[in-house]
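Enquirer: Here it is, the structure, as structure tokens.
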Number of protein chains: 2
Amino acid sequence: MSKPRTVIIVAGGKGLRMNADIPKQFIAVSGKPVLMHTIEVFRRFDAAMSIIVVLPREQFSFWDELCRRYNFAVSYKLAEGGESRFYSVKNGLELVSEVSLVAVHDGVRPLVSAEAIERCFAAAEKSGAAIPVVDMVESIRQLTGNGSVAVDRAAYRVVQTPQVFDAPLLREAYDQEFSALFTDDASVVEAFGAKIQLVEGNRENIKITTAMDLKIAEALLPEF
Amino acid sequence: MSKPRTVIIVAGGKGLRMNADIPKQFIAVSGKPVLMHTIEVFRRFDAAMSIIVVLPREQFSFWDELCRRYNFAVSYKLAEGGESRFYSVKNGLELVSEVSLVAVHDGVRPLVSAEAIERCFAAAEKSGAAIPVVDMVESIRQLTGNGSVAVDRAAYRVVQTPQVFDAPLLREAYDQEFSALFTDDASVVEAFGAKIQLVEGNRENIKITTAMDLKIAEALLPEF
């Protein structure tokens, strides 16, 4: 039988202080805030799965207000964000049941497809650790000491989320001391010694971090 | 005094055979075919510069028809495409005057900014070879023999066009025998022994190769 499934949606974008931009997860595209789209993708994917949303405490009341304004009634648990993404995931993990598969997903990636989510969970069920990747479309160059060199883009993959792991593995990996080399969950688990399986993501699954990304999401979201 | 400026716009997308998709350069976004947007960007950038459009011969009549249908009256010279991008650029180069700076640009990149074009020409005026790059936004992994490893995305740049060169240098570089390692003009010039200067591109300047890219361009073009 399959293990129960959980997703930790990390929405740690800073802001809401005086003069700061509103974090992208709260900006409305295609009718509602980005983060609501993201939560809905997972609820549609699996009506029974546990959804944990990690938000900085200072954003709780603003989020509450948004949920009332948009009549947002999807069920999820709320966890408090930490100083950085690493500590936010750790906080979210405290709400995860011991025997399960845990996906960690960026709150600003509402365009992940159900197929990509399923591929990650299915692969992690067997291997313990699976992440979605897509081919590199553009040419790339690597910086060197005094210039740069063309490198073969076919040897690289672009990494997305959800990154899915066996819960005990992820928990143990996150018990390591924080390192600046931890750029995503896969790198935390890898530093712990586990092997990461790459599965096919979906190209639309962009991370919304700029005004340009918001326009792209607005153009692509209606089909999701 | 500045050298005269030329751009070779390479629009080599295959298609137009029975049952093949129409090449993306001919698909209308924001009111007209992609390639017309691209040509207009350079004409707006410099009313006097020489613009050379390289198209496969079998697409000449279809392009003519499009130009009539859209009343496209921007001035440019047409060159015949070759078997591959390498030979298309070579053909375009035959129409370039000896003493000039030559930009080579993808026909399916209508979103390049005037500022990025100017930065490339200005840098190539001094260094002889300059290309626009942008930071890598997403995490990346490098494939290894039996898996993959996280690599530091800060050490990489995404390569765009226009790639701008001193005409004699580019011509001599393109006199080399073709190699499968030639993925763009910079790699041809680099194989010839010249150093490539990286300048700042603009993130919107995507290469339109998929249906998703067309939607993105439709969302971003109105501001250009």
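Quick note on naming: the chains in the structure tokens go A, B, ... in the order shown, residues restart at 1 in each chain, and ligands are numbered from 1 in order of appearance.
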Mind checking which residues fall within 9 Å of stretch 48-65 of chain B, counting only C-alpha atoms, ignoring those fewer than 6 positions away in the same chain, and posting them as a PyMOL selection string?

Expert: chain B and resi 4-16+26+39+42+75-83+88-89+91-93+95-96+107

Enquirer: Could you give me, as CSV, every stretch 62-123 of chain A residue with an atom at most 7 Å from stretch 154-165 of chain A, plus its closest atom pair and distance in Å to one decimal, counting only C-alpha atoms, rows ordered by chain then number?

Expert:
```
residue,atom,partner,partner_atom,distance
A:Leu101,CA,A:Phe165,CA,5.6
A:Val102,CA,A:Phe165,CA,5.3
A:Ala103,CA,A:Val164,CA,4.1
A:Val104,CA,A:Pro162,CA,5.3
A:His105,CA,A:Pro162,CA,4.4
A:Asp106,CA,A:Thr161,CA,6.5
A:Ile117,CA,A:Pro162,CA,6.7
A:Cys120,CA,A:Val164,CA,6.1
A:Phe121,CA,A:Val164,CA,6.1
```

Enquirer: Using only C-alpha atoms, find which residues of chain A lie within 10 Å of chain B and jot them down as a VMD selection string.

Expert: chain A and resid 133 to 144 147 to 160 181 to 184 186 to 187 190 195 to 198 203 to 204 206 to 207 209 212 to 213 215 to 220

Enquirer: What separation in Å, quoted to one decimal, exists between atom CA of B:Asp166 and atom CA of B:Asp185?

Expert: 12.2 Å

Enquirer: Out of stretch 32-157 of chain B, which residues get strand (DSSP E or B) from DSSP, as a PyMOL selection string?

Expert: chain B and resi 32-33+50-55+77-80+101-106+129-135+140-144+147-151+156-157

Enquirer: Selected residues, N, CA, C and O atoms, written as a short mmCIF file (atom, residue, chain, number, x, y, z; two decimals), in the first residue's frame, please.

Expert:
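selection-v1.cif, written as the output of this step:
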```cif
data_model
loop_
_atom_site.label_atom_id
_atom_site.label_comp_id
_atom_site.auth_asym_id
_atom_site.auth_seq_id
_atom_site.Cartn_x
_atom_site.Cartn_y
_atom_site.Cartn_z
N LYS B 32 1.20 40.52 -35.07
CA LYS B 32 1.97 40.23 -36.30
C LYS B 32 2.97 39.11 -36.05
O LYS B 32 3.28 38.80 -34.88
N PRO B 33 3.49 38.51 -37.14
CA PRO B 33 4.43 37.40 -36.97
C PRO B 33 5.66 37.78 -36.15
O PRO B 33 6.13 38.92 -36.22
N SER B 50 22.17 48.29 -41.31
CA SER B 50 21.85 47.28 -42.30
C SER B 50 21.26 46.05 -41.60
O SER B 50 21.82 45.55 -40.62
N ILE B 51 20.10 45.62 -42.10
CA ILE B 51 19.44 44.43 -41.52
C ILE B 51 19.39 43.34 -42.59
O ILE B 51 18.88 43.57 -43.69
N ILE B 52 19.94 42.18 -42.26
CA ILE B 52 19.93 41.05 -43.20
C ILE B 52 19.13 39.92 -42.57
O ILE B 52 19.42 39.50 -41.45
N VAL B 53 18.09 39.48 -43.26
CA VAL B 53 17.26 38.40 -42.74
C VAL B 53 17.57 37.13 -43.54
O VAL B 53 17.51 37.14 -44.77
N VAL B 54 17.95 36.08 -42.81
CA VAL B 54 18.27 34.82 -43.48
C VAL B 54 17.12 33.84 -43.31
O VAL B 54 16.74 33.49 -42.19
N LEU B 55 16.56 33.42 -44.44
CA LEU B 55 15.39 32.52 -44.44
C LEU B 55 15.66 31.35 -45.38
O LEU B 55 16.27 31.54 -46.43
N LYS B 77 17.55 43.34 -46.12
CA LYS B 77 17.97 42.48 -47.24
C LYS B 77 17.68 41.03 -46.89
O LYS B 77 17.78 40.64 -45.72
N LEU B 78 17.37 40.24 -47.89
CA LEU B 78 17.05 38.84 -47.65
C LEU B 78 18.21 37.97 -48.12
O LEU B 78 18.76 38.20 -49.20
N ALA B 79 18.61 37.01 -47.31
CA ALA B 79 19.63 36.04 -47.72
C ALA B 79 19.05 34.64 -47.59
O ALA B 79 18.11 34.42 -46.83
N GLU B 80 19.66 33.72 -48.31
CA GLU B 80 19.11 32.37 -48.35
C GLU B 80 19.72 31.53 -47.24
O GLU B 80 20.93 31.53 -47.05
N LEU B 101 30.56 46.34 -37.60
CA LEU B 101 30.28 45.43 -36.49
C LEU B 101 29.05 44.63 -36.88
O LEU B 101 28.05 45.19 -37.34
N VAL B 102 29.11 43.31 -36.71
CA VAL B 102 27.99 42.46 -37.10
C VAL B 102 27.36 41.81 -35.88
O VAL B 102 28.05 41.12 -35.11
N ALA B 103 26.08 42.02 -35.73
CA ALA B 103 25.32 41.29 -34.71
C ALA B 103 24.66 40.09 -35.37
O ALA B 103 24.15 40.20 -36.49
N VAL B 104 24.68 38.95 -34.71
CA VAL B 104 23.91 37.81 -35.19
C VAL B 104 22.81 37.56 -34.15
O VAL B 104 23.09 37.43 -32.96
N HIS B 105 21.57 37.54 -34.65
CA HIS B 105 20.44 37.49 -33.72
C HIS B 105 19.43 36.42 -34.17
O HIS B 105 19.20 36.24 -35.37
N ASP B 106 18.83 35.74 -33.21
CA ASP B 106 17.80 34.74 -33.52
C ASP B 106 16.50 35.42 -33.94
O ASP B 106 15.99 36.29 -33.22
N ALA B 129 34.31 41.20 -29.67
CA ALA B 129 33.36 40.09 -29.55
C ALA B 129 32.61 40.20 -28.23
O ALA B 129 33.21 40.08 -27.16
N ALA B 130 31.29 40.44 -28.29
CA ALA B 130 30.52 40.59 -27.06
C ALA B 130 29.16 39.91 -27.19
O ALA B 130 28.52 39.98 -28.25
N ILE B 131 28.74 39.24 -26.13
CA ILE B 131 27.44 38.55 -26.16
C ILE B 131 26.67 38.86 -24.89
O ILE B 131 27.25 39.09 -23.83
N PRO B 132 25.32 38.89 -25.00
CA PRO B 132 24.50 39.20 -23.82
C PRO B 132 24.21 37.94 -23.01
O PRO B 132 23.89 36.89 -23.57
N VAL B 133 24.32 38.05 -21.71
CA VAL B 133 24.01 36.92 -20.83
C VAL B 133 23.16 37.42 -19.65
O VAL B 133 23.17 38.60 -19.33
N VAL B 134 22.42 36.50 -19.06
CA VAL B 134 21.67 36.82 -17.84
C VAL B 134 21.97 35.76 -16.79
O VAL B 134 22.40 34.65 -17.10
N ASP B 135 21.75 36.14 -15.52
CA ASP B 135 21.96 35.20 -14.43
C ASP B 135 21.05 33.99 -14.58
O ASP B 135 19.96 34.08 -15.15
N ILE B 140 20.42 24.39 -10.68
CA ILE B 140 20.74 23.43 -11.74
C ILE B 140 21.55 22.27 -11.19
O ILE B 140 22.18 22.38 -10.13
N ARG B 141 21.50 21.16 -11.89
CA ARG B 141 22.30 19.99 -11.56
C ARG B 141 23.04 19.53 -12.81
O ARG B 141 22.54 19.69 -13.92
N GLN B 142 24.23 18.98 -12.59
CA GLN B 142 25.01 18.46 -13.71
C GLN B 142 24.92 16.94 -13.68
O GLN B 142 25.08 16.31 -12.63
N LEU B 143 24.64 16.36 -14.84
CA LEU B 143 24.57 14.90 -14.93
C LEU B 143 25.98 14.33 -14.84
O LEU B 143 26.92 14.88 -15.41
N THR B 144 26.12 13.22 -14.11
CA THR B 144 27.41 12.54 -14.01
C THR B 144 27.20 11.13 -14.54
O THR B 144 26.10 10.78 -14.97
N GLY B 147 24.60 9.47 -12.04
CA GLY B 147 23.64 10.25 -11.26
C GLY B 147 23.75 11.71 -11.63
O GLY B 147 23.88 12.06 -12.80
N SER B 148 23.74 12.57 -10.62
CA SER B 148 23.85 14.00 -10.88
C SER B 148 24.33 14.70 -9.63
O SER B 148 24.22 14.16 -8.53
N VAL B 149 24.90 15.87 -9.78
CA VAL B 149 25.35 16.65 -8.63
C VAL B 149 24.83 18.08 -8.74
O VAL B 149 24.68 18.62 -9.83
N ALA B 150 24.52 18.67 -7.58
CA ALA B 150 24.14 20.08 -7.54
C ALA B 150 25.37 20.90 -7.91
O ALA B 150 26.47 20.60 -7.49
N VAL B 151 25.18 21.92 -8.75
CA VAL B 151 26.29 22.83 -9.05
C VAL B 151 25.85 24.24 -8.70
O VAL B 151 24.66 24.52 -8.59
N TYR B 156 27.37 30.20 -13.46
CA TYR B 156 26.91 30.01 -14.84
C TYR B 156 26.13 31.23 -15.32
O TYR B 156 25.59 31.99 -14.52
N ARG B 157 26.07 31.40 -16.64
CA ARG B 157 25.25 32.44 -17.24
C ARG B 157 24.45 31.84 -18.38
O ARG B 157 24.93 30.96 -19.10
#
```

Enquirer: Find the residues near A:Ala73: any atom within 12 Å, counting only C-alpha atoms, skip ones fewer than 5 places away on the same chain, and give them as a PDB file with N, CA, C and O atoms, in the first residue's frame.

Expert:
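Below is the file selection_13.pdb, written as the result:
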```
ATOM      1  N   MET A  36      -2.661  30.804  -3.168  1.00  0.00           N
ATOM      2  CA  MET A  36      -3.929  30.064  -3.198  1.00  0.00           C
ATOM      3  C   MET A  36      -3.961  29.112  -4.393  1.00  0.00           C
ATOM      4  O   MET A  36      -4.423  27.967  -4.272  1.00  0.00           O
ATOM      5  N   ILE A  39      -1.771  26.110  -3.401  1.00  0.00           N
ATOM      6  CA  ILE A  39      -2.442  25.200  -2.459  1.00  0.00           C
ATOM      7  C   ILE A  39      -3.504  24.380  -3.197  1.00  0.00           C
ATOM      8  O   ILE A  39      -3.623  23.164  -3.006  1.00  0.00           O
ATOM      9  N   GLU A  40      -4.258  25.046  -4.064  1.00  0.00           N
ATOM     10  CA  GLU A  40      -5.336  24.356  -4.788  1.00  0.00           C
ATOM     11  C   GLU A  40      -4.821  23.254  -5.710  1.00  0.00           C
ATOM     12  O   GLU A  40      -5.486  22.232  -5.888  1.00  0.00           O
ATOM     13  N   ARG A  43      -4.461  20.295  -3.493  1.00  0.00           N
ATOM     14  CA  ARG A  43      -5.745  19.795  -3.011  1.00  0.00           C
ATOM     15  C   ARG A  43      -6.496  19.089  -4.139  1.00  0.00           C
ATOM     16  O   ARG A  43      -7.119  18.048  -3.934  1.00  0.00           O
ATOM     17  N   ASP A  64      -4.639  35.782   6.598  1.00  0.00           N
ATOM     18  CA  ASP A  64      -6.009  35.585   7.102  1.00  0.00           C
ATOM     19  C   ASP A  64      -6.991  36.500   6.386  1.00  0.00           C
ATOM     20  O   ASP A  64      -8.059  36.081   5.959  1.00  0.00           O
ATOM     21  N   LEU A  66      -6.579  37.949   3.483  1.00  0.00           N
ATOM     22  CA  LEU A  66      -6.712  37.537   2.084  1.00  0.00           C
ATOM     23  C   LEU A  66      -7.670  36.357   1.956  1.00  0.00           C
ATOM     24  O   LEU A  66      -8.503  36.299   1.052  1.00  0.00           O
ATOM     25  N   CYS A  67      -7.563  35.392   2.887  1.00  0.00           N
ATOM     26  CA  CYS A  67      -8.412  34.201   2.824  1.00  0.00           C
ATOM     27  C   CYS A  67      -9.882  34.584   2.974  1.00  0.00           C
ATOM     28  O   CYS A  67     -10.753  34.031   2.294  1.00  0.00           O
ATOM     29  N   ARG A  68     -10.165  35.560   3.859  1.00  0.00           N
ATOM     30  CA  ARG A  68     -11.546  36.028   3.999  1.00  0.00           C
ATOM     31  C   ARG A  68     -11.993  36.729   2.726  1.00  0.00           C
ATOM     32  O   ARG A  68     -13.061  36.459   2.192  1.00  0.00           O
TER      33      ARG A  68
END
```

Enquirer: Mind pulling up the distance from atom CA of A:Glu200 to atom CA of A:His37?

Expert: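 Separation between atom CA of A:His37 and atom CA of A:Glu200: 21.6 Å.
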
Enquirer: Tell me, in Å to one decimal, how far atom CA of A:Pro222 is from atom CA of B:Thr38.

Expert: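 Pair atom CA of A:Pro222 / atom CA of B:Thr38 returns 27.4 Å.
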
Enquirer: DSSP on the backbone: which residues in stretch 58-117 of chain A end up as helix (DSSP H, G or I)? Give the answer as a PyMOL selection string.

Expert: chain A and resi 58-69+85-93+114-117

Enquirer: If we count only C-alpha atoms, what is near A:Leu169 at a cut-off of 9 Å, once residues fewer than 6 positions away on the same chain are taken out, given as a list in words?

Expert: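 The neighbour list is Gly128, Ala129, Val189, Phe192 and Ala194 of chain A.
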